[in-house]
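Asker: Contents of my_file.txt (compact mmCIF, C-alpha atoms and all ligand atoms) are below:
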```
# COMPACT_ATOMS: atom_id res chain seq x y z
CA MET A 157 12.20 -13.82 4.17
CA ILE A 158 10.96 -15.52 1.00
CA GLN A 159 13.33 -14.73 -1.90
CA ASN A 160 11.73 -16.31 -4.96
CA ASN A 161 11.33 -13.68 -7.70
CA ALA A 162 8.47 -15.56 -9.35
CA LEU A 163 6.26 -15.30 -6.26
CA THR A 164 2.75 -13.95 -6.45
CA LEU A 165 0.53 -12.77 -3.61
CA HIS A 166 -2.94 -14.31 -3.82
CA VAL A 167 -6.00 -12.91 -2.08
CA GLU A 168 -8.69 -15.55 -2.35
CA GLU A 169 -12.41 -14.94 -1.72
CA ILE A 170 -11.86 -12.70 1.29
CA THR A 171 -14.95 -11.79 3.28
CA LYS A 172 -14.70 -9.57 6.37
CA ASP A 173 -17.66 -8.93 8.66
CA PHE A 174 -17.72 -6.30 11.38
CA VAL A 175 -20.66 -6.19 13.81
CA GLY A 176 -23.67 -5.43 11.63
CA LEU A 177 -21.61 -4.72 8.52
CA ARG A 178 -20.00 -6.76 5.75
CA ALA A 179 -16.93 -4.67 4.83
CA LEU A 180 -15.58 -7.13 2.23
CA GLU A 181 -17.34 -9.85 0.29
CA ASP A 182 -15.57 -12.51 -1.76
CA VAL A 183 -12.68 -10.32 -2.88
CA THR A 184 -10.11 -12.11 -5.02
CA LEU A 185 -7.02 -10.50 -6.50
CA SER A 186 -3.37 -11.24 -7.18
CA LEU A 187 -0.31 -9.06 -6.97
CA HIS A 188 2.81 -9.97 -8.94
CA ARG A 189 6.35 -8.88 -8.18
CA GLY A 190 7.44 -5.94 -10.30
CA GLU A 191 3.89 -4.66 -10.85
CA ILE A 192 1.90 -1.73 -9.49
CA LEU A 193 -1.72 -2.54 -8.69
CA GLY A 194 -4.12 0.27 -7.79
CA LEU A 195 -6.90 -0.59 -5.33
CA ILE A 196 -9.56 2.07 -5.68
CA GLY A 197 -13.18 2.71 -4.75
CA PRO A 198 -15.37 5.27 -2.99
CA ASN A 199 -15.02 6.03 0.74
CA GLY A 200 -15.93 3.05 2.90
CA SER A 201 -15.65 0.53 0.05
CA GLY A 202 -13.22 -1.69 2.02
CA LYS A 203 -9.77 -0.72 0.71
CA THR A 204 -8.07 -0.20 4.10
CA THR A 205 -9.85 -3.25 5.49
CA LEU A 206 -8.36 -5.37 2.70
CA ILE A 207 -4.83 -4.07 3.41
CA ASN A 208 -5.43 -4.80 7.11
CA VAL A 209 -6.50 -8.37 6.30
CA ILE A 210 -3.52 -8.98 3.99
CA THR A 211 -0.96 -7.59 6.45
CA GLY A 212 -2.43 -9.37 9.49
CA PHE A 213 -3.98 -6.40 11.33
CA LEU A 214 -7.43 -7.99 10.89
CA LYS A 215 -8.42 -11.63 10.56
CA PRO A 216 -10.77 -12.37 7.67
CA THR A 217 -14.16 -13.93 8.33
CA ARG A 218 -13.60 -16.19 5.32
CA GLY A 219 -11.01 -16.62 2.59
CA ARG A 220 -7.25 -17.00 2.32
CA VAL A 221 -4.11 -14.94 1.71
CA ARG A 222 -1.16 -16.77 0.19
CA VAL A 223 2.38 -15.76 -0.76
CA GLY A 224 3.30 -18.37 -3.33
CA ASP A 225 2.48 -21.67 -1.59
CA THR A 226 2.68 -20.21 1.91
CA ASP A 227 -0.72 -19.63 3.51
CA ILE A 228 -0.33 -16.53 5.74
CA THR A 229 -4.03 -16.12 6.59
CA GLY A 230 -4.50 -14.97 10.18
CA TRP A 231 -0.78 -14.69 10.94
CA PRO A 232 0.11 -11.79 13.27
CA PRO A 233 1.50 -8.62 11.63
CA HIS A 234 5.12 -9.11 12.77
CA ARG A 235 5.23 -12.61 11.27
CA ILE A 236 3.79 -11.35 7.99
CA ALA A 237 6.35 -8.52 7.99
CA HIS A 238 9.11 -11.14 8.30
CA VAL A 239 7.78 -12.88 5.18
CA GLY A 240 8.43 -9.61 3.31
CA LEU A 241 5.15 -7.68 3.33
CA ALA A 242 5.34 -4.01 4.37
CA ARG A 243 2.72 -1.29 4.56
CA THR A 244 2.05 2.35 5.28
CA PHE A 245 -0.93 3.60 7.25
CA GLN A 246 -3.68 5.97 6.15
CA THR A 247 -3.03 7.88 9.39
CA ILE A 248 0.67 8.64 9.72
CA LYS A 249 2.31 6.84 12.62
CA LEU A 250 5.79 8.39 12.97
CA PHE A 251 7.53 8.64 16.36
CA ARG A 252 7.63 12.42 16.62
CA GLY A 253 10.44 12.52 19.21
CA LEU A 254 12.82 10.37 17.15
CA THR A 255 14.82 11.60 14.18
CA VAL A 256 13.76 10.68 10.66
CA LEU A 257 16.63 8.16 10.39
CA GLU A 258 15.71 6.57 13.74
CA ASN A 259 12.07 6.25 12.61
CA VAL A 260 13.14 4.36 9.51
CA GLU A 261 15.61 2.21 11.48
CA VAL A 262 12.92 1.21 13.98
CA ALA A 263 10.76 -0.02 11.10
CA ALA A 264 13.65 -2.10 9.74
CA VAL A 265 14.41 -3.61 13.17
CA SER A 266 10.72 -4.48 13.67
CA ALA A 267 10.80 -6.30 10.35
CA GLY A 268 13.58 -8.52 11.74
CA LEU A 269 16.82 -6.84 10.63
CA SER A 270 19.83 -6.57 12.94
CA ARG A 271 20.83 -3.05 14.10
CA PRO A 272 23.73 -2.63 11.64
CA GLN A 273 21.60 -3.98 8.76
CA ALA A 274 18.75 -1.69 9.82
CA ARG A 275 21.01 1.39 9.71
CA GLU A 276 22.26 0.45 6.25
CA ARG A 277 18.74 -0.22 4.94
CA ALA A 278 17.37 2.95 6.54
CA LEU A 279 19.99 5.06 4.77
CA TRP A 280 19.22 3.26 1.51
CA ALA A 281 15.45 3.82 1.95
CA LEU A 282 15.89 7.52 2.73
CA GLU A 283 18.08 7.91 -0.32
CA ARG A 284 15.48 6.01 -2.40
CA VAL A 285 12.71 8.47 -1.43
CA GLY A 286 14.99 11.50 -1.81
CA ALA A 287 15.03 12.32 1.90
CA THR A 288 18.68 11.81 2.91
CA HIS A 289 18.93 15.49 3.81
CA LEU A 290 16.16 15.04 6.39
CA ALA A 291 17.86 12.17 8.29
CA THR A 292 18.79 14.10 11.45
CA ILE A 293 15.58 16.16 11.75
CA PRO A 294 13.10 15.15 14.50
CA ALA A 295 10.05 13.60 12.81
CA GLY A 296 7.83 16.00 14.75
CA ALA A 297 9.38 18.93 12.87
CA LEU A 298 8.64 17.61 9.38
CA PRO A 299 6.15 19.36 7.10
CA TYR A 300 3.13 17.19 6.13
CA GLY A 301 4.20 16.24 2.59
CA GLU A 302 7.58 15.07 3.89
CA GLU A 303 5.95 12.91 6.59
CA ARG A 304 4.23 10.88 3.87
CA ARG A 305 7.57 10.37 2.14
CA ILE A 306 9.15 9.09 5.39
CA GLU A 307 6.21 6.69 5.83
CA VAL A 308 7.13 5.20 2.45
CA ALA A 309 10.80 5.01 3.48
CA ARG A 310 9.78 3.15 6.66
CA ALA A 311 7.90 0.59 4.59
CA LEU A 312 10.78 0.27 2.14
CA ALA A 313 13.43 -0.19 4.82
CA SER A 314 12.73 -3.89 5.20
CA ARG A 315 13.25 -4.33 1.41
CA PRO A 316 9.76 -5.82 1.10
CA ILE A 317 8.72 -8.24 -1.61
CA PHE A 318 5.21 -6.79 -1.45
CA LEU A 319 4.51 -3.18 -0.50
CA PHE A 320 1.09 -1.79 0.48
CA LEU A 321 0.58 1.97 0.44
CA ASP A 322 -2.62 3.37 1.97
CA GLU A 323 -3.27 6.87 0.56
CA PRO A 324 0.33 8.08 0.26
CA ALA A 325 -0.88 11.17 -1.65
CA ALA A 326 -3.52 12.22 0.90
CA GLY A 327 -3.22 15.93 1.58
CA LEU A 328 -0.49 16.48 -1.03
CA ASN A 329 -0.78 19.28 -3.57
CA GLU A 330 -0.39 18.60 -7.30
CA GLN A 331 3.34 19.28 -7.33
CA GLU A 332 3.98 17.03 -4.30
CA SER A 333 1.85 14.31 -5.90
CA ASP A 334 3.99 14.55 -9.06
CA THR A 335 7.14 14.13 -6.93
CA LEU A 336 5.56 11.07 -5.30
CA LEU A 337 4.76 9.65 -8.75
CA GLU A 338 8.40 10.07 -9.84
CA MET A 339 9.57 8.37 -6.66
CA LEU A 340 7.17 5.40 -6.81
CA THR A 341 7.22 4.64 -10.56
CA PRO A 342 10.67 2.98 -10.74
CA LEU A 343 10.50 1.14 -7.38
CA PRO A 344 8.93 -2.18 -8.45
CA ARG A 345 11.24 -2.42 -11.47
CA GLU A 346 14.34 -1.55 -9.46
CA THR A 347 13.65 -3.51 -6.27
CA GLY A 348 11.54 -6.34 -7.72
CA CYS A 349 8.72 -5.74 -5.24
CA GLY A 350 5.01 -5.86 -6.05
CA MET A 351 3.22 -2.65 -5.03
CA LEU A 352 -0.44 -2.23 -4.13
CA ILE A 353 -1.50 1.39 -3.78
CA VAL A 354 -4.76 2.84 -2.47
CA ASP A 355 -5.45 6.47 -3.25
CA HIS A 356 -8.21 8.90 -4.19
CA ASP A 357 -5.77 10.96 -6.29
CA MET A 358 -6.88 9.68 -9.70
CA ARG A 359 -4.29 11.72 -11.54
CA LEU A 360 -1.60 9.78 -9.65
CA ILE A 361 -3.36 6.40 -9.86
CA MET A 362 -4.02 6.56 -13.60
CA ARG A 363 -0.41 7.42 -14.40
CA LEU A 364 1.28 5.11 -11.89
CA CYS A 365 -0.63 1.82 -11.98
CA HIS A 366 -0.31 -1.04 -14.43
CA ARG A 367 -3.64 -2.53 -13.33
CA LEU A 368 -6.58 -1.38 -11.23
CA HIS A 369 -8.94 -3.30 -8.95
CA VAL A 370 -12.13 -1.45 -8.03
CA LEU A 371 -14.22 -2.05 -4.90
CA ASN A 372 -17.68 -0.72 -4.13
CA TYR A 373 -19.48 -1.61 -0.88
CA GLY A 374 -16.86 -4.32 -0.26
CA ARG A 375 -17.31 -6.09 -3.59
CA THR A 376 -15.16 -6.15 -6.70
CA ILE A 377 -16.90 -4.26 -9.49
CA CYS A 378 -14.10 -4.08 -12.06
CA GLU A 379 -10.53 -5.10 -12.74
CA GLY A 380 -8.43 -4.00 -15.71
CA THR A 381 -5.98 -1.49 -17.09
CA PRO A 382 -6.49 2.16 -16.08
CA ASN A 383 -7.98 2.82 -19.50
CA GLU A 384 -10.45 -0.06 -19.27
CA VAL A 385 -11.51 0.91 -15.74
CA ARG A 386 -11.89 4.58 -16.64
CA HIS A 387 -14.58 3.69 -19.19
CA ASP A 388 -16.42 1.03 -17.17
CA LYS A 389 -20.08 1.99 -16.62
CA GLU A 390 -20.35 0.45 -13.14
CA VAL A 391 -17.20 2.24 -12.01
CA ILE A 392 -18.40 5.58 -13.35
CA ALA A 393 -21.77 5.09 -11.60
CA ALA A 394 -20.07 4.19 -8.28
CA TYR A 395 -17.89 7.29 -8.43
CA LEU A 396 -20.74 9.57 -9.49
CA GLY A 397 -22.73 8.36 -6.48
CA SER A 398 -19.79 9.06 -4.17
CA GLY A 399 -19.38 12.67 -5.28
CA ARG A 400 -15.73 12.01 -6.24
CA ARG A 401 -14.40 12.35 -9.75
CA MET A 402 -13.13 9.22 -11.47
CA LEU A 403 -11.43 10.84 -14.42
CA PRO A 404 -8.43 13.05 -13.85
CA CYS A 405 -9.07 16.54 -15.17
N1 LIG A 501 -12.80 -1.77 12.94
C1 LIG A 501 -13.98 -1.56 12.35
N2 LIG A 501 -15.13 -1.83 12.98
C2 LIG A 501 -16.33 -1.64 12.38
N3 LIG A 501 -16.48 -1.18 11.12
C3 LIG A 501 -15.35 -0.88 10.44
C4 LIG A 501 -14.05 -1.06 11.01
N4 LIG A 501 -13.12 -0.68 10.08
C5 LIG A 501 -13.80 -0.30 9.00
N5 LIG A 501 -15.13 -0.41 9.21
C6 LIG A 501 -16.19 -0.13 8.23
O1 LIG A 501 -15.93 -0.96 7.10
C7 LIG A 501 -16.23 -0.27 5.90
C8 LIG A 501 -14.97 -0.23 5.03
O2 LIG A 501 -14.04 0.64 5.65
P1 LIG A 501 -12.60 0.93 5.06
O3 LIG A 501 -11.88 1.78 6.06
O4 LIG A 501 -11.97 -0.35 4.69
O5 LIG A 501 -12.94 1.76 3.75
P2 LIG A 501 -11.96 2.52 2.73
O6 LIG A 501 -12.32 2.02 1.38
O7 LIG A 501 -10.56 2.40 3.19
O8 LIG A 501 -12.47 4.02 2.87
P3 LIG A 501 -11.66 5.42 2.73
O9 LIG A 501 -11.50 5.67 1.27
O10 LIG A 501 -12.59 6.42 3.36
O11 LIG A 501 -10.36 5.28 3.48
C9 LIG A 501 -16.73 1.12 6.30
O12 LIG A 501 -18.14 1.08 6.32
C10 LIG A 501 -16.16 1.30 7.69
O13 LIG A 501 -16.98 2.17 8.45
MG MG A 502 -9.13 3.73 3.82
```
I need this file expressed as structure tokens, please.
Answerer:
Amino acid sequence: MIQNNALTLHVEEITKDFVGLRALEDVTLSLHRGEILGLIGPNGSGKTTLINVITGFLKPTRGRVRVGDTDITGWPPHRIAHVGLARTFQTIKLFRGLTVLENVEVAAVSAGLSRPQARERALWALERVGATHLATIPAGALPYGEERRIEVARALASRPIFLFLDEPAAGLNEQESDTLLEMLTPLPRETGCGMLIVDHDMRLIMRLCHRLHVLNYGRTICEGTPNEVRHDKEVIAAYLGSGRRMLPC
């Protein structure tokens, strides 16, 4: 794992074509350690595709992904995980027959930790997301809001240097989203990781993120602080067209 605290993740001019569709076009962004970057945009604007490209689940058609000086473009997911990038999935992927603790341990082992290290990290990650009391419960018995929390613990268990969260607030009510906000806010400061979060919960995004990057039809339309983005005409138009509300009520 790369340990330099000054490292930045660079996404450089990423284009991704699927058959008959350009999902991303020339997307460039950087993610610094200790910061929380929100990646937002209407449905189908390319947010999950970009996380898939960064974490190795998809190869880009063009462009590069670098961690500091290390070019990780096209590396397989397990190799990228070993460099210190971790992610959650928009669709929850817990092993329902395993306990919560085992689920988190498996994630740590897959990221290259030994079994004893994985147990220690899994306990730390569960404590970090406030789920220690759920450790021995089978994942299949968890209520929905708690499953999302365990997904975050799984990603945290490898002590990532860059963390990618794909819609961690999906399906959560306002109170659960507030709990998520409290849990995520101190993480980059306390662990030194850089966090990129995708979500449609604008109340959460506007309060959590230091910076926002906005995609529409696979292209960057705006980058700035939540306040700058909130007032950007192109962003407002994109969200109006999508039927979703940009401004939190
Ligand atoms: N494997 C694939 N093959 C073909 N097209 C795909 C594939 N994955 C995504 N797409 C298309 O690429 C575009 C971007 O999809 P993506 O899932 O990245 O959007 P998103 O911004 O994450 O949307 P949402 O907010 O609904 O999750 C969409 O038009 C989608 O249908
Ligand atoms: Mg998505």
Asker: Kindly assemble as CSV a list of the chain A residues that lie within 12 Å of ligand MG 502 (chain A), each paired with its nearest atom pair and their distance in Å to one decimal, using all atoms listed in the file, sorted first by chain and then by ascending residue number.
Answerer:
```
residue,atom,partner,partner_atom,distance
A:Ala179,CA,A:MG502,MG,11.5
A:Leu195,CA,A:MG502,MG,10.4
A:Ile196,CA,A:MG502,MG,9.7
A:Gly197,CA,A:MG502,MG,9.5
A:Pro198,CA,A:MG502,MG,9.4
A:Asn199,CA,A:MG502,MG,7.0
A:Gly200,CA,A:MG502,MG,6.9
A:Ser201,CA,A:MG502,MG,8.2
A:Gly202,CA,A:MG502,MG,7.0
A:Lys203,CA,A:MG502,MG,5.5
A:Thr204,CA,A:MG502,MG,4.1
A:Thr205,CA,A:MG502,MG,7.2
A:Leu206,CA,A:MG502,MG,9.2
A:Ile207,CA,A:MG502,MG,8.9
A:Asn208,CA,A:MG502,MG,9.9
A:Thr244,CA,A:MG502,MG,11.4
A:Phe245,CA,A:MG502,MG,8.9
A:Gln246,CA,A:MG502,MG,6.3
A:Thr247,CA,A:MG502,MG,9.2
A:Leu321,CA,A:MG502,MG,10.4
A:Asp322,CA,A:MG502,MG,6.8
A:Glu323,CA,A:MG502,MG,7.4
A:Pro324,CA,A:MG502,MG,11.0
A:Ala326,CA,A:MG502,MG,10.6
A:Ile353,CA,A:MG502,MG,11.0
A:Val354,CA,A:MG502,MG,7.7
A:Asp355,CA,A:MG502,MG,8.4
A:His356,CA,A:MG502,MG,9.6
A:Leu371,CA,A:MG502,MG,11.6
A:Gly374,CA,A:MG502,MG,11.9
```
Asker: Atom CA of A:Glu307 and atom CA of A:Ile248 are how many Å apart?
Answerer: 7.0 Å
Asker: Which residues are close to stretch 239-242 of chain A, i.e. within 8 Å by all atoms listed in the file, leaving aside same-chain residues fewer than 2 positions away? Reply as a ChimeraX atom specification.
Answerer: /A:157-158,211,235-237,244,311-312,314-320
Asker: Tell me which of A:Leu214, A:Ala287, A:Ala325, A:Ile228 sits closest to ligand LIG 501 (chain A), counting all atoms listed in the file.
Answerer: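 Checking each candidate against ligand LIG 501 (chain A), we get A:Leu214 as the closest.
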Asker: I'd like to know which of A:Cys365, A:Val183, A:Ile392, A:Ile306 is closest to A:Leu282, using only C-alpha atoms.
Answerer: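 Result for the nearest residue to A:Leu282: A:Ile306.
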Asker: Compile the contact shell of A:Pro344 as a list of chain:residue names: residues with an atom at most 9 Å away, counting all atoms listed in the file, same-chain residues fewer than 4 positions apart removed.
Answerer: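 Neighbouring residues, sequence-local ones excluded: A:Arg189, A:Gly190, A:Glu191, A:Ile192, A:Leu340, A:Gly348, A:Cys349, A:Gly350, A:Met351.
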Asker: Given all atoms listed in the file as the basis, pick out the residue of A:Arg178, A:His166, A:Arg275, A:His289 nearest to ligand LIG 501 (chain A).
Answerer: A:Arg178
Asker: Let me make sure I understand: among A:Ala295, A:Gly253, A:Ala313, A:Glu169, which one has the smallest atom-to-atom distance to A:Gly268 if we use only C-alpha atoms?
Answerer: A:Ala313
Asker: Record the distance separating atom C7 of ligand LIG 501 (chain A) and atom CA of A:Thr381, expressed in Å with one decimal.
Answerer: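 If I compute the distance from atom C7 of ligand LIG 501 (chain A) to atom CA of A:Thr381, I get 25.2 Å.
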Asker: Identify the residues within 12 Å of coordinate (-4.2, -16.9, 0.6) (same frame as the file), considering all atoms listed in the file, and give the answer as a PyMOL selection string.
Answerer: chain A and resi 164-170+183-187+209-212+216+218-231
Asker: May I ask for the distance between atom CA of A:Leu368 and atom O3 of ligand LIG 501 (chain A), given in Å to one decimal place?
Answerer: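 Atom-to-atom, atom CA of A:Leu368 and atom O3 of ligand LIG 501 (chain A) are spaced 18.4 Å apart.
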Asker: For stretch 346-353 of chain A, take all atoms listed in the file, fit an axis-aligned box around them, add 8 Å to each of the six sides, then output centre and edge lengths in Å rounded to one decimal, as AutoDock Vina command-line options.
Answerer:
```
--center_x 6.4 --center_y -2.5 --center_z -6.6 --size_x 31.8 --size_y 23.7 --size_z 21.7
```
Asker: Nearest to A:Ala267 among A:Arg359, A:Arg243, A:Arg305, A:His238, with distances taken over all atoms listed in the file: which residue is it?
Answerer: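 Between A:Arg359, A:Arg243, A:Arg305, A:His238, the residue approaching A:Ala267 most closely is A:His238.
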Asker: Excluding A:Arg277 and any residue of its chain fewer than 2 positions from it, enumerate the residues within 10 Å of it, using all atoms listed in the file, and give them as a list of chain:residue names.
Answerer: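 Residues meeting the cut-off are A:Val260, A:Glu261, A:Ala264, A:Val265, A:Leu269, A:Arg271, A:Pro272, A:Gln273, A:Ala274, A:Arg275, A:Leu279, A:Trp280, A:Ala281, A:Leu282, A:Glu283, A:Ala309, A:Arg310, A:Leu312, A:Ala313, A:Ser314, A:Arg315.
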Asker: Would you mind listing what lies within 10 Å of A:Glu330 as a count of residues only, with only C-alpha atoms counted and same-chain residues fewer than 6 positions away left out?
Answerer: 4
Asker: Of the candidates A:Lys215, A:His188, A:Arg386, A:His366, which shows the shortest atom-to-atom distance to ligand LIG 501 (chain A), using only C-alpha atoms and all ligand atoms?
Answerer: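 Residue with the minimum atom-to-atom distance to ligand LIG 501 (chain A): A:Lys215.
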